[in-house]
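K.L.:
Mind having a look at this structure? Questions to follow.
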Amino acid sequence: MNAQPITQYYRKNRKAIVTASSGLLYGGGWSLGHFTGFDTASAGILILAAIIGGYDIAKTAYYEVTNRTLGIKTLVTLAAIGAIVIGEYWEAAAVVFLFSLGSYLEGRTMRKTRTALQELLEMTPDTATVRRDGDLQEVPARDVEEGEVVLVKPGGKIPVDGSVVDGESAVNQAPVTGESAPVHKADGDEVYAGTVNQEGALEVRTTGAGSDTTLERIIRRVEEAQEAQSPTESLIDRFAKYYTPAVIVLAISAYAVTQNAILSLTLLVIGCPGALVIGPPVSIVSAIGNAARSGVLMKGGEHLERAGKTDLVTFDKTGTLTKGGTTVADVEGFDIDDDEVISLAATAEKKSEHHLADAIVDAARDRPTAATDGGTAVAHSDATSAEHRSVPDPDDFDVVAGMGVVAHTDGHEVVVGNRALLDDRSIDIPDHIAEYVRGREERGETVVHVVRDGSVIGVIAMRDELREAAPGVVAALQDAGIETVMLTGDNERTASAVAGEVGIDEYRAELLPEEKQTVIEEYQADGHVVAMVGDGINDAPSLATADVGIAMGAAGTDTAIETADMALMADDLERIPYAVTLSKATRWNVLENVGLAVLTVTVLLAGVLTSYVTLAAGMLVHEASVLLVILNGMRLLRH
Amino acid sequence: MAVRVLRRTVMNETTQLRVMDFDCPTCASTVERALSNVDGVQNVKVHYTTGRVEIEYDDDVADPDAFAQAIENQGYTPQPA
């Protein structure tokens, strides 16, 4: 028989084999002594059990000592040697066997948390079909060059990041964004490596391959987040540095005082800071891994621990609670044609980059072309719907931040803006117009006035649809005992109407962009731990100010990931309650683990000092507590 | 004959390995120390939580095979990252 496979098998399963042999010898040695009274033989077998099980432990202990780190293995080795020296062979074998068994199980369970992310990486296919030199070639996915066109068959996994150049399909983006519903993809849409093409064939122009894909970047960030120490972890680590030497000093002094060797050896074993140092990292790694698989990127234990204390969540209204696609709901001219109102407003707003301006310009372009003779315009509109009306440039224009624009065109001064802007310029708003505006605002619409040469000629009412999920998300947060606040630049009435629809606790209206930060600071000054949800680009300053900045729809945008403490890969509001409750659960889990560890050590210490607990029992309880905190932490993988 | 030795700029390479069977945080720091004692290794980081091992080394001096050996000597199983 070939020896090669046996050696390989041994190498792979060394820990299990060593633990099992040590356990069998321990059992055999103990029975021999207990049932037959062959004491010398029994002692020999027990010592053998201690040596076989302890060889690897002692070797690591040797490295620990030569490297001047005092770890648990040094303590266990000292305890086992000490027990043999004083003739307690059974204790020595038991300590070694229990410790090996414990570390074997700990290694195995930790592997589960470590591999949680690997599964995501394995989603990316190894090869790609590329159009090269006029024909199709199968090449390793990481060798695809930027700009090359990759073919993805229906049902196939997308091997690279890129944009669709041909074909149409539904793509399941769950590995990257955590969304379970497939997303429709057509010409020009971005696709990500690792996602699954479910319907039609796609041709994708590569923008990133190999390690330069969104999925790989996310996983690298998640790993960095898992490796970063949370405040609790670094505190415990600093504590552990002094703790182990202190335990050795305690054991020596205990021996000096009591002359009881078993007692001081037992102190060495139970004094190992196992559960205390392992618990918090396992909780945090499990939580971050779980979040990553649901499309939520948590930036690290520190951020998680802070997020766990959140008691108030502020939402930016536009694009967060609403879909962000503002459209013109109605145009009303007063003693003037509606068309003229929107044309004039569009010209004035054409050069503005505000989202309301975009909506007005789009609405003007989409109006039927033959505007000048009203009668035929309707009949005409279908035939020429593809033809967009052009919007002329204004002669000049000025943006008044948070209020509107002032422009000149064709010798007229045109003002498009909110009431504040009109008040500012002492433009009188006739009662019937103010009445009309109030009516629209009470429906949650945003209204701008159109003013030509000092008199109001019409108003434009705009609507931004609420996300279907918004009321449910707010309710879920409220159920979790968290206050909710909406921040918006809209006026009081519009804000109040939207807040009512969403069911949010509070709203702050008429905020200029920088005032959102001030509002967050006010809440913080009141003692709240504030989370802010926004799009990560326009809201970047507010996200940075808040204790926990949560960016939505971050898959494609690196800036959002940089500024936020948590980034939702998908534009999916429903992840917010999940992220917040996961953070809270993590914070509790860390506390549970620390509490459990401290309790175990305290009880054991009391037991040792009162001689209820001896070496083997101490080891058993110690190892059990370590396994318990690991398993407790791993519950977060299934939150 | 005088030979002028030009000081060569050292270009450090980096490599990653993965150890899935760390059973305690101190074990990770012990492996970290063992790796930093390998010839030519400039910088090592071993992460207990993810099992990721990052090694920065001088290409001319260090033998990448020695990294895996050093980890195995500590009783752990290195894998390619």
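Convention: chains lettered A, B, ... in structure tokens order; per-chain residue numbering from 1; ligands numbered from 1 as shown.
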Quick one: residues within 9 Å of Tyr76 of chain B, only C-alpha atoms counted, chain neighbours fewer than 5 positions away excluded, as a PyMOL selection string?

P.N.:
chain B and resi 19-22+31+71

K.L.:
Output N, CA and C atoms of each residue in that selection to a file, as an mmCIF file, in the first residue's frame.

P.N.:
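Saved result, part13.cif, follows:
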data_model
loop_
_atom_site.group_PDB
_atom_site.id
_atom_site.type_symbol
_atom_site.label_atom_id
_atom_site.label_comp_id
_atom_site.auth_asym_id
_atom_site.auth_seq_id
_atom_site.Cartn_x
_atom_site.Cartn_y
_atom_site.Cartn_z
ATOM 1 N N VAL B 19 -5.314 30.779 6.741
ATOM 2 C CA VAL B 19 -5.292 29.693 7.712
ATOM 3 C C VAL B 19 -6.682 29.617 8.314
ATOM 4 N N MET B 20 -7.369 28.517 8.046
ATOM 5 C CA MET B 20 -8.756 28.419 8.487
ATOM 6 C C MET B 20 -8.863 27.801 9.875
ATOM 7 N N ASP B 21 -7.763 27.227 10.407
ATOM 8 C CA ASP B 21 -7.934 26.473 11.652
ATOM 9 C C ASP B 21 -7.279 27.097 12.888
ATOM 10 N N PHE B 22 -7.148 28.423 12.897
ATOM 11 C CA PHE B 22 -6.712 29.069 14.138
ATOM 12 C C PHE B 22 -7.734 28.777 15.234
ATOM 13 N N VAL B 31 1.853 32.739 15.192
ATOM 14 C CA VAL B 31 2.190 32.516 13.785
ATOM 15 C C VAL B 31 2.783 33.792 13.199
ATOM 16 N N ILE B 71 4.228 28.207 8.930
ATOM 17 C CA ILE B 71 2.877 28.100 9.495
ATOM 18 C C ILE B 71 2.610 26.658 9.935
#

K.L.:
Might you pull out every residue within 10 Å of Arg365 of chain A, with only C-alpha atoms counted and same-chain residues fewer than 5 positions away left off, and present them as number ranges by chain?

P.N.:
A: 342-343, 346, 359-360, 387-391

K.L.:
Give the answer as one residue: which of B:Tyr57, B:Asn43, B:Phe67, B:Thr30 has the shortest atom-to-atom distance to chain A, using only C-alpha atoms?

P.N.:
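Answer, going by the shortest atom-to-atom distance: B:Thr30.
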
K.L.:
Per DSSP on the backbone, what are the alpha helix (DSSP H) residues of segment 358-472 of chain A, as a PyMOL selection string?

P.N.:
chain A and resi 358-366+374-383+419-424+431-441+470-472

K.L.:
Grab the residues selected above and save them as a PDB file, in the first residue's frame with C-alpha atoms.

P.N.:
ATOM      1  CA  ASP A 358     -34.708  68.747 -14.410  1.00  0.00           C
ATOM      2  CA  ALA A 359     -38.356  67.811 -13.914  1.00  0.00           C
ATOM      3  CA  ILE A 360     -39.568  71.146 -15.330  1.00  0.00           C
ATOM      4  CA  VAL A 361     -37.283  71.002 -18.363  1.00  0.00           C
ATOM      5  CA  ASP A 362     -38.275  67.384 -19.060  1.00  0.00           C
ATOM      6  CA  ALA A 363     -41.965  68.266 -18.774  1.00  0.00           C
ATOM      7  CA  ALA A 364     -41.561  71.153 -21.184  1.00  0.00           C
ATOM      8  CA  ARG A 365     -39.739  68.944 -23.705  1.00  0.00           C
ATOM      9  CA  ASP A 366     -42.387  66.240 -23.486  1.00  0.00           C
ATOM     10  CA  GLY A 374     -54.216  74.840 -28.969  1.00  0.00           C
ATOM     11  CA  GLY A 375     -56.995  73.096 -30.960  1.00  0.00           C
ATOM     12  CA  THR A 376     -54.886  70.780 -33.069  1.00  0.00           C
ATOM     13  CA  ALA A 377     -52.222  70.209 -30.471  1.00  0.00           C
ATOM     14  CA  VAL A 378     -53.920  67.201 -28.896  1.00  0.00           C
ATOM     15  CA  ALA A 379     -54.627  65.419 -32.174  1.00  0.00           C
ATOM     16  CA  HIS A 380     -51.131  66.146 -33.265  1.00  0.00           C
ATOM     17  CA  SER A 381     -49.377  64.924 -30.185  1.00  0.00           C
ATOM     18  CA  ASP A 382     -49.456  61.181 -30.881  1.00  0.00           C
ATOM     19  CA  ALA A 383     -47.980  61.444 -34.315  1.00  0.00           C
ATOM     20  CA  ARG A 419     -42.745  81.573  -1.596  1.00  0.00           C
ATOM     21  CA  ALA A 420     -39.594  82.608   0.256  1.00  0.00           C
ATOM     22  CA  LEU A 421     -37.991  83.766  -2.960  1.00  0.00           C
ATOM     23  CA  LEU A 422     -41.078  85.747  -3.930  1.00  0.00           C
ATOM     24  CA  ASP A 423     -41.280  87.344  -0.482  1.00  0.00           C
ATOM     25  CA  ASP A 424     -37.612  88.157  -0.733  1.00  0.00           C
ATOM     26  CA  ASP A 431     -55.080  85.254  -2.849  1.00  0.00           C
ATOM     27  CA  HIS A 432     -56.606  82.845  -5.374  1.00  0.00           C
ATOM     28  CA  ILE A 433     -53.144  81.678  -6.402  1.00  0.00           C
ATOM     29  CA  ALA A 434     -52.000  81.261  -2.784  1.00  0.00           C
ATOM     30  CA  GLU A 435     -55.171  79.234  -2.196  1.00  0.00           C
ATOM     31  CA  TYR A 436     -54.448  76.977  -5.173  1.00  0.00           C
ATOM     32  CA  VAL A 437     -50.845  76.454  -4.022  1.00  0.00           C
ATOM     33  CA  ARG A 438     -51.962  75.502  -0.508  1.00  0.00           C
ATOM     34  CA  GLY A 439     -54.320  72.879  -1.943  1.00  0.00           C
ATOM     35  CA  ARG A 440     -51.518  71.222  -3.929  1.00  0.00           C
ATOM     36  CA  GLU A 441     -49.101  71.308  -1.024  1.00  0.00           C
ATOM     37  CA  ALA A 470     -41.290  53.603   3.284  1.00  0.00           C
ATOM     38  CA  PRO A 471     -44.268  53.374   5.692  1.00  0.00           C
ATOM     39  CA  GLY A 472     -43.401  49.768   6.624  1.00  0.00           C
TER      40      GLY A 472
END

K.L.:
Provide as a list in words the residues of chain A at most 7 Å from chain B, counting only C-alpha atoms.

P.N.:
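The contacting residues on chain A are Asp56, Thr60, Tyr63, Glu64, Asn67, Gly71, Ser103, Glu106, Gly107, Arg108, Arg111, Arg114, Glu223, Gln226, Glu227, Ile278, Pro281 and Val285 of chain A.
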
K.L.:
Need to verify the contact set: Leu268 of chain A, 9 Å, only C-alpha atoms, exclusion of same-chain residues closer than 4 positions in sequence. Can you return it as a list in words?

P.N.:
Ile72, Leu75, Val76, Leu78, Ala79, Thr244, Val247, Ile248, Leu250, Ala251, Leu263, Ser264 and Cys272 of chain A

K.L.:
Which polymer residues have any atom within 7 Å of an atom of Val61 of chain B, counting only C-alpha atoms, with same-chain residues fewer than 2 positions away left out, as a list of chain:residue names?

P.N.:
B:Asp39, B:Gly40, B:Asp58, B:Asp59, B:Asp63

K.L.:
Quick one: write out the picked residues with N, CA and C atoms as a compact mmCIF listing (two decimals), in the first residue's frame?

P.N.:
# COMPACT_ATOMS: atom_id res chain seq x y z
N ASP B 39 13.61 34.51 7.02
CA ASP B 39 14.53 35.41 6.31
C ASP B 39 13.84 36.21 5.22
N GLY B 40 14.10 37.49 5.19
CA GLY B 40 13.61 38.33 4.10
C GLY B 40 12.21 38.85 4.30
N ASP B 58 11.08 40.58 0.88
CA ASP B 58 12.08 40.93 -0.12
C ASP B 58 12.27 39.73 -1.04
N ASP B 59 11.94 39.95 -2.29
CA ASP B 59 11.92 38.90 -3.29
C ASP B 59 13.26 38.15 -3.41
N ASP B 63 12.06 32.97 0.59
CA ASP B 63 11.54 31.89 -0.22
C ASP B 63 10.08 31.68 0.17

K.L.:
Determine, counting only C-alpha atoms, which protein, DNA and RNA residues have an atom within 9 Å of an atom of Leu609 of chain A; residues of the same chain fewer than 4 positions away are not included. Present the result as a VMD selection string.

P.N.:
chain A and resid 263 267 604 to 605 613

K.L.:
With N, CA and C atoms retained, could you export that selection as a compact mmCIF listing (two decimals), in the first residue's frame?

P.N.:
# COMPACT_ATOMS: atom_id res chain seq x y z
N LEU A 263 -4.10 23.25 43.67
CA LEU A 263 -4.82 24.52 43.67
C LEU A 263 -4.15 25.52 42.73
N LEU A 267 -5.54 27.09 39.15
CA LEU A 267 -5.64 28.53 38.88
C LEU A 267 -5.08 28.87 37.51
N LEU A 604 -15.58 29.89 38.59
CA LEU A 604 -14.48 28.94 38.68
C LEU A 604 -13.50 29.32 39.78
N LEU A 605 -13.21 30.61 39.83
CA LEU A 605 -12.24 31.09 40.82
C LEU A 605 -12.75 30.79 42.23
N VAL A 613 -13.47 22.88 42.79
CA VAL A 613 -13.10 22.66 41.39
C VAL A 613 -11.63 22.26 41.32
